[in-house]
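Q: The structure follows.
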Amino acid sequence: MGAALEGIRIIDMTHNQAGPACTQVLAWLGAEVIKLEEPGKGDVARIHMREKSDGDSLFFLVLNANKRSLTLNLKHEEGKALFRQVIASADVLVENFSPGALDRLGFGYQALREINERLIYATIKGFGTWGPYSGFKSFEPIAQAMGGAMCTTGFPENPPTFVWPGIGDSGTGMHLAIGILAALQQRHSTGTGQQVEVSMQDSVVNIMRISLRDHQRLGGVQPRTGNQLGRTVPGSTYPCAPGGPNDYIFIFAQQQMWRAFATVIGRPDIIDDARYATFDARWDNRESLNAIIEGWTRQHTKHEAMRLLGDAGVPSGACQDTGEIFDDPHLRERDMIVDLDYPDRGGYMTVGCPIKLSDSAASVVRPPVLGEHTDTVLTELCGVTPDEIARLRNEGVI
């Protein structure tokens with residue numbers, strides 16, 4: 001059986017993180033993703049935060065696996081003509097330029113729809129294309145701030161806190177991927193494409209739905225509560241041996257797990273203790289109970305404690321640092337940490353596809369060097385001859 005999205009051609013005009021995250025997951029699932037880049041420059045992520053002056057950055061590499069690179073100058077008339085030919089054979093265009101950028105080039109949705117009525121035109125904007133903030137630009141921290149994530153993250157005595165997982169960038173990319181797949185499915189019945197839009201603020205707000213529920217349920221602005229999850233005890237992080245800055249475990253034991261939890265930490269005597277026997281009692285007496293729990297966790301490493309609790313059916317998770325993620329045997333076995341080689345760099349580690357399909361397993365292929373597939377793509381899609389390719393390159397079209 002072929003890949004799940006085999007036969008779907010996506011023109012990727014995105015840069016940085018949100019758009020490339022979207023197109024990478026679709027590429028993992030088998031879509032043909034052609035990354036269209038400016039000749040001589042390419043995706044700004046190729047040079048952003050790079051580790052050496054003459055190579056593509058890891059920032060670019062971790063977001064652009066399984067793609068082909070086509071360089072095309074869209075400010076040149078011949079470049080525009082070739083782009084129209086490429087679009088004519090595409091299923092999806094994905095872009096995350098500043099508001100109005102593609103329209104100014106003559107490649108807005110309506111213009112491209114006239115070339116290819118089956119085209120799905122997928123766009124990411126910081127605040128979308130309508131609404132009071134539609135002309136504003138955005139980045140990850142801004143999306144988190146405007147989506148409510150920062151004001152609910154951190155400890156109450158500290159300012160609103162930015163979280164490093166890219167809920168505004170990669171989270172938006174995953175929302176857009178869902179929208180693209182929905183539009184492709186609808187095209188089966190309608191025969192025509194449509195425009196798909198996801199804004200970064202909208203994506204964060206969607207992810208924030210539980211806090212928005214609690215605002216209404218509990219009657220007001222939700223405070224920052226640090227690592228405490230609701231009123232459940234245990235329901236927070238606890239320090240472990242040997243006491244390093246990341247030696248913590250998160251434990252979350254609901255009422256039906258209380259007996260197993262108390263037993264595994266060696267305190268069966270507190271199972272029926274009136275101070276701890278019920279959900280509300282544990283919250284009311286959380287200081288003394290947390291001291292008991294901490295006394296046990298400090299005797300074990302975070303991974304030892306997790307294994308003991310996991311075997312007893314109690315949810316817990318070691319707070320793994322980035323090095324432990326790379327070394328995690330579970331992630332390795334599930335192909336979530338994979339090794340790749342890139343020209344002029346050598347080996348590096350990156351993430352694999354988190355979506356596991358039983359009949360069409362995803363593979364991870366190294367990202368493309370800038371313009372690596374230009375000749376092949378123009379030959380396949382536009383019928384350009386080798387002599388014409390040489391001329392186009394000399395004239396700065398590709």
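Identifiers in the structure tokens: chain A, B, ... in order shown; residue index from 1 per chain; ligand index from 1 in order shown.
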Any chance you could list, as a list in words, the residues in range 92-282 of chain A that come up strand (DSSP E) when DSSP is run on the backbone?

A: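 Of range 92-282 of chain A, only Val92, Leu93, Val94, Glu95, Ile120, Tyr121, Ala122, Thr123, Ile124, Lys125, Gln195, Val196, Glu197, Val198, Ser199, Gly235, Ser236, Thr237, Tyr238, Pro239, Tyr248, Ile249, Phe250, Ile251 and Phe252 of chain A fall in strand (DSSP E).
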
Q: Env of range 79-90 of chain A: 6 Å cut, atoms = only C-alpha atoms, seq-sep filter 5 positions within chain, self excluded. Answer as a list in words.

A: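 Using only C-alpha atoms, the neighbours found are Arg9, Leu72, Asn73, Leu74, Ile115, Asn116 and Val397 of chain A.
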
Q: From the list A:Arg231, A:Arg332, A:Arg118, A:Arg68, which residue is nearest Gly191 in chain A when using only C-alpha atoms?

A: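 Once distances to Gly191 in chain A are computed over only C-alpha atoms, the minimum belongs to A:Arg118.
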
Q: From a DSSP calculation on the backbone, collect every residue of range 119-282 of chain A in helix (DSSP H, G or I) and output the set as a VMD selection string.

A: chain A and resid 140 to 147 150 to 152 170 to 190 200 to 207 209 to 218 255 to 264 268 to 270 279 to 282

Q: Considering only C-alpha atoms, state which residue in the set A:Pro132, A:Pro343, A:Gly30, A:Gly235 is at the smallest distance from Asn290 in chain A.

A: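 Looking at the shortest contact to Asn290 in chain A, the residue is A:Gly235.
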
Q: Excluding range 236-248 of chain A and residues on its chain fewer than 2 positions from it, collect all residues at most 7 Å away from it, counting only C-alpha atoms, and give them as a list in words.

A: Asn227, Gln228, Leu229, Pro234, Phe250, Ile251, Phe252, Glu294, Thr297, Arg298, Gln299, His300, Thr301, Lys302, Ala318, Cys319 and Asp321 of chain A

Q: Taking only C-alpha atoms into account, which of A:Ser170, A:Thr322, A:Thr225, A:Ser363 comes nearest Leu340 in chain A?

A: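 Checking each of A:Ser170, A:Thr322, A:Thr225, A:Ser363 against Leu340 in chain A, counting only C-alpha atoms, the winner is A:Ser363.
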
Q: Considering only C-alpha atoms, state which residue in the set A:Ile10, A:Val44, A:Leu308, A:Ile337 is at the smallest distance from Gly323 in chain A.

A: A:Ile337

Q: Do a neighbour search on Leu378 in chain A at 9 Å with only C-alpha atoms, toss out local chain neighbours closer than 4 positions, and write the hits as an MDAnalysis selection string.

A: chainID A and resid 70 82 86 373:374 382:385 389

Q: Let me see the file: selected residues, C-alpha atoms, as a short mmCIF file (atom, residue, chain, number, x, y, z; two decimals), in the first residue's frame.

A:
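Wrote selection_2.cif, looks like this:
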data_model
loop_
_atom_site.label_atom_id
_atom_site.label_comp_id
_atom_site.auth_asym_id
_atom_site.auth_seq_id
_atom_site.Cartn_x
_atom_site.Cartn_y
_atom_site.Cartn_z
CA LEU A 70 12.37 24.65 -6.11
CA LEU A 82 6.59 29.21 -14.51
CA VAL A 86 3.36 24.81 -11.35
CA HIS A 373 15.17 19.86 -7.09
CA THR A 374 14.69 22.92 -9.31
CA CYS A 382 6.71 22.66 -16.93
CA GLY A 383 8.51 20.72 -19.65
CA VAL A 384 11.57 22.99 -19.43
CA THR A 385 14.58 21.68 -21.33
CA ILE A 389 17.10 25.74 -17.40
#

Q: So that I can check the surroundings of Cys151 in chain A, please list as a list in words every protein, DNA and RNA residue that reaches within 7 Å of it, counting only C-alpha atoms and ignoring chain neighbours fewer than 2 positions away.

A: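 Listing them by chain and then by number gives Gly148, Ala149, Thr153, Pro160, Thr161 and Arg224 of chain A.
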
Q: Could you turn the residues from that selection into a file that holds C-alpha atoms, as a CSV table (one decimal), in the first residue's frame?

A:
chain,number,residue,atom,x,y,z
A,148,GLY,CA,-4.6,33.8,26.7
A,149,ALA,CA,-1.9,31.2,27.3
A,153,THR,CA,1.0,30.0,32.8
A,160,PRO,CA,2.6,36.0,32.7
A,161,THR,CA,4.9,33.3,31.3
A,224,ARG,CA,-1.8,31.2,37.5

Q: Quick one: distance from CA of Gly171 in chain A to CA of Met146 in chain A in Å, one decimal?

A: 14.5 Å

Q: Rank A:Ser358, A:Gln222, A:Gln194, A:Gln110 by their smallest atom-to-atom distance to Pro156 in chain A, using only C-alpha atoms, and report the top residue only.

A: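 The shortest atom-to-atom distance to Pro156 in chain A comes from A:Gln222.
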
Q: What's the separation between CA of Ala31 in chain A and CA of Leu176 in chain A, in Å to one decimal place?

A: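 The value is 14.8 Å.
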
Q: Find the residues around range 13-27 of chain A up to 8 Å (only C-alpha atoms counted), leave out those fewer than 3 positions away in its own chain, and share them as a PyMOL selection string.

A: chain A and resi 5+10+30-33+35-37+43-45+60+63-67+93-97+124+168-174+176-177+353

Q: Between A:Arg209, A:Gly396, A:Met257, A:Leu102, single out the one closest to Gly310 in chain A, counting only C-alpha atoms.

A: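 Selected residue with least distance to Gly310 in chain A: A:Met257.
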
Q: Distance CA of Asp280 in chain A-CA of Gln255 in chain A, one decimal place?

A: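 According to the coordinates, CA of Asp280 in chain A and CA of Gln255 in chain A are separated by 10.1 Å.
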